[in-house]
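One structure below.
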Amino acid sequence: MALATRTANPPSLIGSVWRSTVGKKAVMAVTGMIMLAYLVAHMLGNLKVFFGAGEFNHYGAWIRTIGEPFLHHEWFLWLARVALSVAVVLHGVAAYQLSRRDLAARPVKYRGRGRRRTSYATRTMRWGGVILGLFIVWHILDLTTLTVNPNAQEGRPYENLVASFDRWYVSAFYIVAMLALGLHIRHGFWSAAQTLGVGSARRDRLLKALANGLAALLTCGFIAVPLGVLTGVVS
């Protein structure tokens, strides 16, 4: 009597994509673009603080009503938070696994200029990612849940922002995180373009200029807010 042999179930398409190096890079590229779109919108919203408490608090109330009456109050905001959280987790996990895979595949270190360039890019993305991860946790506790924000007032985002950045060490941490974000975007945007097949010999110069421009714009836009509070422009 022949013994029945068990055949392993073929891996799903999603599983196959996730396990491959190209798939992980594609996940990083797509999630990176999602986060970049969010950052642009978030920066523009933050800059409303320079128009005064009334304008900024009105903006804070408005984003909680997006989608009404089809969506309930704050549903859009929570859907956006969930989608962004999924993107951040997938981006971080893919980055970590690719880093481990890269180290395992290259037991012999690069030498010379190639090694220096690779090491710089790797360290920038790795430590920048760690700093941003810590910053995200603090930022949520500070300005979303208001857990670590002194004199927090529910429904008063302008006052809460000023109370937060009026502490020099919070502003310093924020500025360092935004500098790390700029470097992350500068390198990540270029890498994402190559992964998604957008790059080419003709487009390389334009893509590099766009990466540098986006990084500088977002860094300056975000840093302007704590600097505004520290200098008294926003108070």
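Each chain in the structure tokens gets a letter, A, B, ..., in the order shown, and its residues are numbered from 1; ligands are numbered from 1 in order too.
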
Taking 5 positions as the minimum chain separation for residues in the same chain, which residues sit within 12 Å of stretch 61-70 of chain A when counting only C-alpha atoms? Answer as a ChimeraX atom specification. /A:41-42,45,54-56,75-81,154-158

Neighbouring residues of A:His184 were defined as those with any atom within 7 Å, considering only C-alpha atoms; residues of the same chain fewer than 3 positions away were excluded. Please report them as a PDB file with all heavy atoms, in the first residue's frame.
```pdb
ATOM      1  N   MET A 125      20.098  55.861   7.565  1.00  0.00           N
ATOM      2  CA  MET A 125      18.750  55.317   7.551  1.00  0.00           C
ATOM      3  C   MET A 125      18.447  54.555   8.837  1.00  0.00           C
ATOM      4  O   MET A 125      17.348  54.652   9.392  1.00  0.00           O
ATOM      5  CB  MET A 125      18.575  54.401   6.331  1.00  0.00           C
ATOM      6  CG  MET A 125      18.705  55.101   4.998  1.00  0.00           C
ATOM      7  SD  MET A 125      17.485  56.418   4.771  1.00  0.00           S
ATOM      8  CE  MET A 125      16.029  55.435   4.422  1.00  0.00           C
ATOM      9  N   GLY A 128      18.533  57.094  11.859  1.00  0.00           N
ATOM     10  CA  GLY A 128      17.428  58.019  11.619  1.00  0.00           C
ATOM     11  C   GLY A 128      16.097  57.359  11.905  1.00  0.00           C
ATOM     12  O   GLY A 128      15.199  57.968  12.495  1.00  0.00           O
ATOM     13  N   ALA A 180      16.769  64.349  11.275  1.00  0.00           N
ATOM     14  CA  ALA A 180      16.864  62.935  10.906  1.00  0.00           C
ATOM     15  C   ALA A 180      15.835  62.602   9.839  1.00  0.00           C
ATOM     16  O   ALA A 180      16.103  61.820   8.910  1.00  0.00           O
ATOM     17  CB  ALA A 180      16.657  62.061  12.144  1.00  0.00           C
ATOM     18  N   LEU A 181      14.641  63.187   9.955  1.00  0.00           N
ATOM     19  CA  LEU A 181      13.599  62.967   8.957  1.00  0.00           C
ATOM     20  C   LEU A 181      14.039  63.464   7.586  1.00  0.00           C
ATOM     21  O   LEU A 181      13.810  62.796   6.571  1.00  0.00           O
ATOM     22  CB  LEU A 181      12.310  63.683   9.385  1.00  0.00           C
ATOM     23  CG  LEU A 181      11.160  63.634   8.377  1.00  0.00           C
ATOM     24  CD1 LEU A 181      10.645  62.213   8.239  1.00  0.00           C
ATOM     25  CD2 LEU A 181      10.023  64.574   8.819  1.00  0.00           C
ATOM     26  N   HIS A 187      17.404  60.227   1.321  1.00  0.00           N
ATOM     27  CA  HIS A 187      17.897  58.943   0.847  1.00  0.00           C
ATOM     28  C   HIS A 187      16.751  58.013   0.452  1.00  0.00           C
ATOM     29  O   HIS A 187      16.823  57.300  -0.555  1.00  0.00           O
ATOM     30  CB  HIS A 187      18.743  58.279   1.931  1.00  0.00           C
ATOM     31  CG  HIS A 187      19.314  56.956   1.519  1.00  0.00           C
ATOM     32  ND1 HIS A 187      20.351  56.835   0.610  1.00  0.00           N
ATOM     33  CD2 HIS A 187      18.978  55.688   1.869  1.00  0.00           C
ATOM     34  CE1 HIS A 187      20.629  55.551   0.425  1.00  0.00           C
ATOM     35  NE2 HIS A 187      19.805  54.841   1.180  1.00  0.00           N
ATOM     36  N   GLY A 188      15.674  58.026   1.243  1.00  0.00           N
ATOM     37  CA  GLY A 188      14.567  57.108   1.004  1.00  0.00           C
ATOM     38  C   GLY A 188      13.811  57.409  -0.273  1.00  0.00           C
ATOM     39  O   GLY A 188      13.380  56.487  -0.973  1.00  0.00           O
TER      40      GLY A 188
END
```

Distance of atom CA of A:Ile175 from atom CA of A:Thr219, expressed in Å to one decimal place: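 Distance between the two atoms: 8.5 Å.
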
Find the residues near A:Leu132: any atom within 6 Å, counting only C-alpha atoms, skip ones fewer than 3 places away on the same chain, and give them as number ranges by chain. A: 129, 135, 177

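Each of A:Glu74, A:Trp190, A:Trp18, A:Gly92 was checked against A:Asp204 using only C-alpha atoms; the smallest atom-to-atom distance is that of A:Trp190.
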
For A:Leu196, please output as a PyMOL selection string all residues within 9 Å (counting only C-alpha atoms; exclusion window: fewer than 3 positions along the same chain). chain A and resi 25-26+29-30+191-193+199

Got a sec to tell me which of stretch 6-207 of chain A DSSP assigns to alpha helix (DSSP H), as a ChimeraX atom specification? /A:13-19,21-46,53-62,75-105,112-143,157-165,168-195,204-207

Could you name the residues that touch A:Glu159 at 12 Å or less, counting only C-alpha atoms, but leaving out those on the same chain fewer than 3 positions away, as an NGL selection string? :A and (49 or 52-54 or 56-57 or 60 or 143 or 146 or 149-156 or 162-166 or 229 or 234-235)

Report as number ranges by chain all protein, DNA and RNA residues lying within 12 Å of A:Gln97, evaluated on only C-alpha atoms, omitting residues in the same chain fewer than 4 positions from it. A: 18-21, 23-25, 27-28, 90-93, 101-104, 126

Please, could you write that set of residues out with N, CA and C atoms as a PDB file, in the first residue's frame?
```
ATOM      1  N   TRP A  18       6.221  39.200   0.068  1.00  0.00           N
ATOM      2  CA  TRP A  18       6.808  39.664   1.322  1.00  0.00           C
ATOM      3  C   TRP A  18       8.141  38.990   1.612  1.00  0.00           C
ATOM      4  N   ARG A  19       8.268  37.704   1.271  1.00  0.00           N
ATOM      5  CA  ARG A  19       9.500  36.977   1.576  1.00  0.00           C
ATOM      6  C   ARG A  19      10.649  37.352   0.653  1.00  0.00           C
ATOM      7  N   SER A  20      10.370  37.906  -0.487  1.00  0.00           N
ATOM      8  CA  SER A  20      11.432  38.241  -1.435  1.00  0.00           C
ATOM      9  C   SER A  20      12.056  39.588  -1.099  1.00  0.00           C
ATOM     10  N   THR A  21      13.312  39.750  -1.457  1.00  0.00           N
ATOM     11  CA  THR A  21      14.000  41.024  -1.223  1.00  0.00           C
ATOM     12  C   THR A  21      13.360  42.145  -2.022  1.00  0.00           C
ATOM     13  N   GLY A  23      10.292  42.276  -3.011  1.00  0.00           N
ATOM     14  CA  GLY A  23       8.996  42.569  -2.422  1.00  0.00           C
ATOM     15  C   GLY A  23       9.107  43.460  -1.200  1.00  0.00           C
ATOM     16  N   LYS A  24      10.080  43.184  -0.343  1.00  0.00           N
ATOM     17  CA  LYS A  24      10.270  44.015   0.852  1.00  0.00           C
ATOM     18  C   LYS A  24      10.648  45.439   0.459  1.00  0.00           C
ATOM     19  N   LYS A  25      11.495  45.576  -0.562  1.00  0.00           N
ATOM     20  CA  LYS A  25      11.868  46.917  -1.013  1.00  0.00           C
ATOM     21  C   LYS A  25      10.661  47.645  -1.599  1.00  0.00           C
ATOM     22  N   VAL A  27       7.528  47.143  -0.686  1.00  0.00           N
ATOM     23  CA  VAL A  27       6.707  47.519   0.467  1.00  0.00           C
ATOM     24  C   VAL A  27       7.263  48.779   1.114  1.00  0.00           C
ATOM     25  N   MET A  28       8.581  48.852   1.261  1.00  0.00           N
ATOM     26  CA  MET A  28       9.201  50.046   1.839  1.00  0.00           C
ATOM     27  C   MET A  28       8.949  51.272   0.974  1.00  0.00           C
ATOM     28  N   LEU A  90       4.905  48.275   8.768  1.00  0.00           N
ATOM     29  CA  LEU A  90       5.399  47.526   7.602  1.00  0.00           C
ATOM     30  C   LEU A  90       6.739  48.083   7.124  1.00  0.00           C
ATOM     31  N   HIS A  91       6.852  49.397   7.122  1.00  0.00           N
ATOM     32  CA  HIS A  91       8.095  50.048   6.692  1.00  0.00           C
ATOM     33  C   HIS A  91       9.247  49.667   7.617  1.00  0.00           C
ATOM     34  N   GLY A  92       8.996  49.731   8.920  1.00  0.00           N
ATOM     35  CA  GLY A  92      10.043  49.416   9.885  1.00  0.00           C
ATOM     36  C   GLY A  92      10.449  47.956   9.864  1.00  0.00           C
ATOM     37  N   VAL A  93       9.464  47.051   9.789  1.00  0.00           N
ATOM     38  CA  VAL A  93       9.767  45.614   9.771  1.00  0.00           C
ATOM     39  C   VAL A  93      10.530  45.246   8.504  1.00  0.00           C
ATOM     40  N   ARG A 101      19.194  40.736   6.368  1.00  0.00           N
ATOM     41  CA  ARG A 101      19.479  39.923   5.188  1.00  0.00           C
ATOM     42  C   ARG A 101      20.728  40.432   4.479  1.00  0.00           C
ATOM     43  N   ASP A 102      20.887  41.753   4.445  1.00  0.00           N
ATOM     44  CA  ASP A 102      22.051  42.339   3.789  1.00  0.00           C
ATOM     45  C   ASP A 102      23.333  41.987   4.542  1.00  0.00           C
ATOM     46  N   LEU A 103      23.280  42.033   5.875  1.00  0.00           N
ATOM     47  CA  LEU A 103      24.450  41.683   6.671  1.00  0.00           C
ATOM     48  C   LEU A 103      24.818  40.211   6.510  1.00  0.00           C
ATOM     49  N   ALA A 104      23.813  39.347   6.433  1.00  0.00           N
ATOM     50  CA  ALA A 104      24.071  37.917   6.284  1.00  0.00           C
ATOM     51  C   ALA A 104      24.645  37.585   4.914  1.00  0.00           C
ATOM     52  N   ARG A 126      19.431  53.810   9.331  1.00  0.00           N
ATOM     53  CA  ARG A 126      19.194  52.990  10.525  1.00  0.00           C
ATOM     54  C   ARG A 126      18.972  53.851  11.757  1.00  0.00           C
TER      55      ARG A 126
END
```

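Using only C-alpha atoms, the shortest contact distance between A:Val176 and any of A:Leu84, A:Ile140, A:Ile131, A:Leu210 is found at A:Ile131.
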
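Proximity to A:Pro226 was assessed for A:Ala172, A:Met35, A:Leu71, A:Leu141 counting only C-alpha atoms; the smallest distance is recorded for A:Ala172.
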
Could you tell me which of A:Val89, A:Val233, A:Ala211, A:Ala95 comes closest to A:Trp127 if we count only C-alpha atoms? A:Ala95
